[in-house]
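Step one of this worksheet: look at the structure below.
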Amino acid sequence: MAVIAKKLQPAKTAAIEETKKILGEYSDYIFVDYRGLTVEQITKLRDKLREKDATLKVFKNTFARVAFDELKNDSVAEFLSGPTAIAMVKQDANESAKVLFDFAKDTPALVVKGAWVENEVYDKAKIEALSKLPGKKQLIAMLMSTINGPARKLAGTLQAYVEKLEKEGPAAAAPAKEEAAPAESAPASEAPAAPAEA
């Protein structure tokens, strides 16, 4: 048995290193119990998370514990028991959390356990609350809409004014010509008067 254990040791070390390398590429993690999900459901969930630039992966719990410990994060050990998959997120953890909670509504077998977001442990209630907030991209879009609103309104007003001028152009130009005519005739009437004085 000791010989078998020694042969497995390098394989375990390599597996832990690989786990650590993968986990190290992400900043936030959401832990879920996937017991009871079919392969088709897991594939569908992975596709939905991929749209949010997140990845769902299953690690052996013992390897994940050691890897997190080596990454100076032993706070998530409580989530690494039983069948656990980890949604690994690079940004906007709330959007990935929303995907998971929405998926769990239709597939109750999926259970969100908790998360590690921005160097803080989130229990299920806290990560669920986060999932209801808009993401950074949504906030930026909302801000840009607020900023662009007045400019868009001004542009619309100017465009309407230009269109009105184009539509009423000939009618609006006619009175201007009539007003100009008397001004032109004044010098003409003065012109004959000059020779008379001479």
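Identifiers for the structure tokens are assigned positionally: chains receive A, B, ... in sequence, residues are indexed from 1 per chain, and ligands are indexed from 1 in the order shown.
By only C-alpha atoms, and with residues fewer than 2 positions from Val111 of chain A along its chain excluded, the set lying at most 8 Å from it is A:Val32, A:Asp33, A:Tyr34, A:Ala104, A:Pro108, A:Ala109, A:Lys113.
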Write out, as an mmCIF file, in the first residue's frame, the residues just selected, with all heavy atoms.
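Wrote it out as part.cif, contents follow:
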```cif
data_model
loop_
_atom_site.group_PDB
_atom_site.id
_atom_site.type_symbol
_atom_site.label_atom_id
_atom_site.label_comp_id
_atom_site.auth_asym_id
_atom_site.auth_seq_id
_atom_site.Cartn_x
_atom_site.Cartn_y
_atom_site.Cartn_z
ATOM 1 N N VAL A 32 -21.391 25.971 -5.668
ATOM 2 C CA VAL A 32 -22.735 25.394 -5.807
ATOM 3 C C VAL A 32 -22.706 23.884 -5.609
ATOM 4 O O VAL A 32 -21.705 23.222 -5.900
ATOM 5 C CB VAL A 32 -23.352 25.719 -7.188
ATOM 6 C CG1 VAL A 32 -23.526 27.211 -7.376
ATOM 7 C CG2 VAL A 32 -22.530 25.135 -8.327
ATOM 8 N N ASP A 33 -23.812 23.381 -5.088
ATOM 9 C CA ASP A 33 -24.022 21.939 -4.997
ATOM 10 C C ASP A 33 -24.775 21.547 -6.264
ATOM 11 O O ASP A 33 -25.872 22.059 -6.512
ATOM 12 C CB ASP A 33 -24.853 21.615 -3.744
ATOM 13 C CG ASP A 33 -24.978 20.115 -3.506
ATOM 14 O OD1 ASP A 33 -24.931 19.337 -4.477
ATOM 15 O OD2 ASP A 33 -25.141 19.723 -2.338
ATOM 16 N N TYR A 34 -24.165 20.680 -7.048
ATOM 17 C CA TYR A 34 -24.765 20.319 -8.335
ATOM 18 C C TYR A 34 -25.386 18.918 -8.308
ATOM 19 O O TYR A 34 -25.786 18.389 -9.354
ATOM 20 C CB TYR A 34 -23.711 20.399 -9.453
ATOM 21 C CG TYR A 34 -22.598 19.391 -9.318
ATOM 22 C CD1 TYR A 34 -22.646 18.171 -9.983
ATOM 23 C CD2 TYR A 34 -21.500 19.660 -8.507
ATOM 24 C CE1 TYR A 34 -21.616 17.240 -9.847
ATOM 25 C CE2 TYR A 34 -20.471 18.741 -8.370
ATOM 26 C CZ TYR A 34 -20.538 17.536 -9.044
ATOM 27 O OH TYR A 34 -19.526 16.622 -8.905
ATOM 28 N N ALA A 104 -31.358 28.088 -10.812
ATOM 29 C CA ALA A 104 -31.835 27.292 -9.673
ATOM 30 C C ALA A 104 -33.359 27.362 -9.529
ATOM 31 O O ALA A 104 -33.972 26.429 -9.008
ATOM 32 C CB ALA A 104 -31.151 27.756 -8.392
ATOM 33 N N PRO A 108 -34.266 23.180 -9.273
ATOM 34 C CA PRO A 108 -34.022 23.254 -7.827
ATOM 35 C C PRO A 108 -32.878 22.360 -7.333
ATOM 36 O O PRO A 108 -32.401 22.553 -6.210
ATOM 37 C CB PRO A 108 -35.363 22.790 -7.227
ATOM 38 C CG PRO A 108 -36.373 22.991 -8.313
ATOM 39 C CD PRO A 108 -35.637 22.795 -9.588
ATOM 40 N N ALA A 109 -32.438 21.420 -8.154
ATOM 41 C CA ALA A 109 -31.318 20.566 -7.742
ATOM 42 C C ALA A 109 -30.038 21.371 -7.554
ATOM 43 O O ALA A 109 -29.159 20.998 -6.780
ATOM 44 C CB ALA A 109 -31.086 19.460 -8.773
ATOM 45 N N LYS A 113 -24.203 27.636 -2.507
ATOM 46 C CA LYS A 113 -23.748 27.512 -1.112
ATOM 47 C C LYS A 113 -23.245 28.836 -0.549
ATOM 48 O O LYS A 113 -23.514 29.200 0.595
ATOM 49 C CB LYS A 113 -22.595 26.500 -1.033
ATOM 50 C CG LYS A 113 -22.949 25.087 -1.423
ATOM 51 C CD LYS A 113 -21.685 24.237 -1.298
ATOM 52 C CE LYS A 113 -21.950 22.773 -1.526
ATOM 53 N NZ LYS A 113 -20.757 21.961 -1.259
#
```
Practice prompt. Would you kindly return, as a count of residues only, each protein, DNA or RNA residue with an atom no farther than 9 Å from any atom of segment 72-87 of chain A, considering only C-alpha atoms and excluding same-chain residues fewer than 5 positions away?
Written response: 33
Residues within 9 Å of Leu133 of chain A, only C-alpha atoms, excluding chain neighbours under 4 positions, as a compact mmCIF listing (two decimals) with N, CA and C atoms, in the first residue's frame:
```txt
# COMPACT_ATOMS: atom_id res chain seq x y z
N ASN A 94 -21.81 39.54 -9.61
CA ASN A 94 -23.26 39.60 -9.43
C ASN A 94 -24.01 39.07 -10.65
N GLU A 95 -23.45 39.27 -11.84
CA GLU A 95 -24.11 38.80 -13.05
C GLU A 95 -24.06 37.28 -13.13
N LYS A 98 -26.48 35.94 -10.62
CA LYS A 98 -27.85 36.04 -11.14
C LYS A 98 -28.15 34.85 -12.04
N ALA A 129 -28.40 38.49 -2.58
CA ALA A 129 -28.67 39.94 -2.59
C ALA A 129 -27.81 40.62 -3.65
```
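Among the candidates A:Val89, A:Leu110, A:Leu71, A:Ile16, the one nearest to Gln41 of chain A when counting only C-alpha atoms is A:Leu110.
The space between atom CA of Tyr26 of chain A and atom CA of Lys52 of chain A spans 13.2 Å.
Minimum atom-to-atom distance to Lys44 of chain A, evaluated using only C-alpha atoms, belongs to A:Val99 out of A:Val99, A:Lys20, A:Lys126, A:Asp69.
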Discussion item. For the structure I just gave you, how does DSSP split segment 27-172 of chain A - specifically, which residues are helix (DSSP H, G or I)? Reply as a ChimeraX atom specification.
Written reply: /A:39-50,61-70,77-79,93-106,124-131,136-172
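With only C-alpha atoms as the basis for measurement, A:Phe63 is the residue among A:Asp92, A:Glu128, A:Phe63, A:Asp102 that approaches Thr13 of chain A most closely.
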Expected answer as a short mmCIF file (atom, residue, chain, number, x, y, z; two decimals) with N, CA, C and O atoms, in the first residue's frame: strand (DSSP E) residues in segment 74-134 of chain A:
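The file below, result-v4.cif, is the result:
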```
data_model
loop_
_atom_site.label_atom_id
_atom_site.label_comp_id
_atom_site.auth_asym_id
_atom_site.auth_seq_id
_atom_site.Cartn_x
_atom_site.Cartn_y
_atom_site.Cartn_z
N THR A 84 -19.43 19.57 -5.17
CA THR A 84 -19.29 21.02 -5.32
C THR A 84 -18.70 21.40 -6.67
O THR A 84 -17.69 20.84 -7.09
N ALA A 85 -19.36 22.33 -7.32
CA ALA A 85 -18.83 22.93 -8.54
C ALA A 85 -18.53 24.39 -8.21
O ALA A 85 -19.19 24.98 -7.35
N ILE A 86 -17.53 24.93 -8.88
CA ILE A 86 -17.15 26.33 -8.61
C ILE A 86 -17.34 27.16 -9.88
O ILE A 86 -16.76 26.83 -10.92
N ALA A 87 -18.15 28.20 -9.75
CA ALA A 87 -18.27 29.18 -10.84
C ALA A 87 -17.16 30.19 -10.62
O ALA A 87 -17.15 30.90 -9.62
N MET A 88 -16.20 30.21 -11.53
CA MET A 88 -15.04 31.10 -11.40
C MET A 88 -15.28 32.34 -12.26
O MET A 88 -15.58 32.23 -13.45
N VAL A 89 -15.13 33.50 -11.63
CA VAL A 89 -15.53 34.76 -12.25
C VAL A 89 -14.37 35.74 -12.28
O VAL A 89 -13.65 35.89 -11.29
N VAL A 111 -27.98 24.17 -5.96
CA VAL A 111 -28.05 24.94 -4.71
C VAL A 111 -26.79 25.80 -4.57
O VAL A 111 -25.68 25.27 -4.58
N VAL A 112 -26.97 27.10 -4.48
CA VAL A 112 -25.84 27.99 -4.26
C VAL A 112 -25.47 27.94 -2.78
O VAL A 112 -26.31 28.16 -1.92
N LYS A 113 -24.20 27.64 -2.51
CA LYS A 113 -23.75 27.51 -1.11
C LYS A 113 -23.24 28.84 -0.55
O LYS A 113 -23.51 29.20 0.60
N GLY A 114 -22.46 29.54 -1.34
CA GLY A 114 -21.85 30.78 -0.88
C GLY A 114 -20.83 31.22 -1.91
O GLY A 114 -20.75 30.66 -3.00
N ALA A 115 -20.03 32.22 -1.56
CA ALA A 115 -19.10 32.76 -2.54
C ALA A 115 -17.93 33.46 -1.86
O ALA A 115 -17.95 33.75 -0.67
N TRP A 116 -16.94 33.72 -2.68
CA TRP A 116 -15.80 34.56 -2.31
C TRP A 116 -15.77 35.67 -3.35
O TRP A 116 -15.47 35.45 -4.52
N VAL A 117 -16.12 36.88 -2.92
CA VAL A 117 -16.22 38.01 -3.84
C VAL A 117 -15.44 39.19 -3.27
O VAL A 117 -15.68 39.61 -2.14
N GLU A 120 -13.84 38.71 0.11
CA GLU A 120 -14.76 38.59 1.25
C GLU A 120 -15.66 37.36 1.07
O GLU A 120 -16.10 37.07 -0.05
N VAL A 121 -15.91 36.66 2.19
CA VAL A 121 -16.81 35.50 2.14
C VAL A 121 -18.25 35.98 2.12
O VAL A 121 -18.64 36.85 2.91
N TYR A 122 -19.04 35.43 1.20
CA TYR A 122 -20.46 35.74 1.10
C TYR A 122 -21.25 34.46 1.40
O TYR A 122 -20.99 33.44 0.77
N ASP A 123 -22.18 34.54 2.34
CA ASP A 123 -23.05 33.38 2.54
C ASP A 123 -24.12 33.41 1.45
O ASP A 123 -24.16 34.32 0.61
#
```
Worksheet item: atom CA of Lys105 of chain A and atom CA of Ile22 of chain A, how far apart in Å?
Response: 28.8 Å
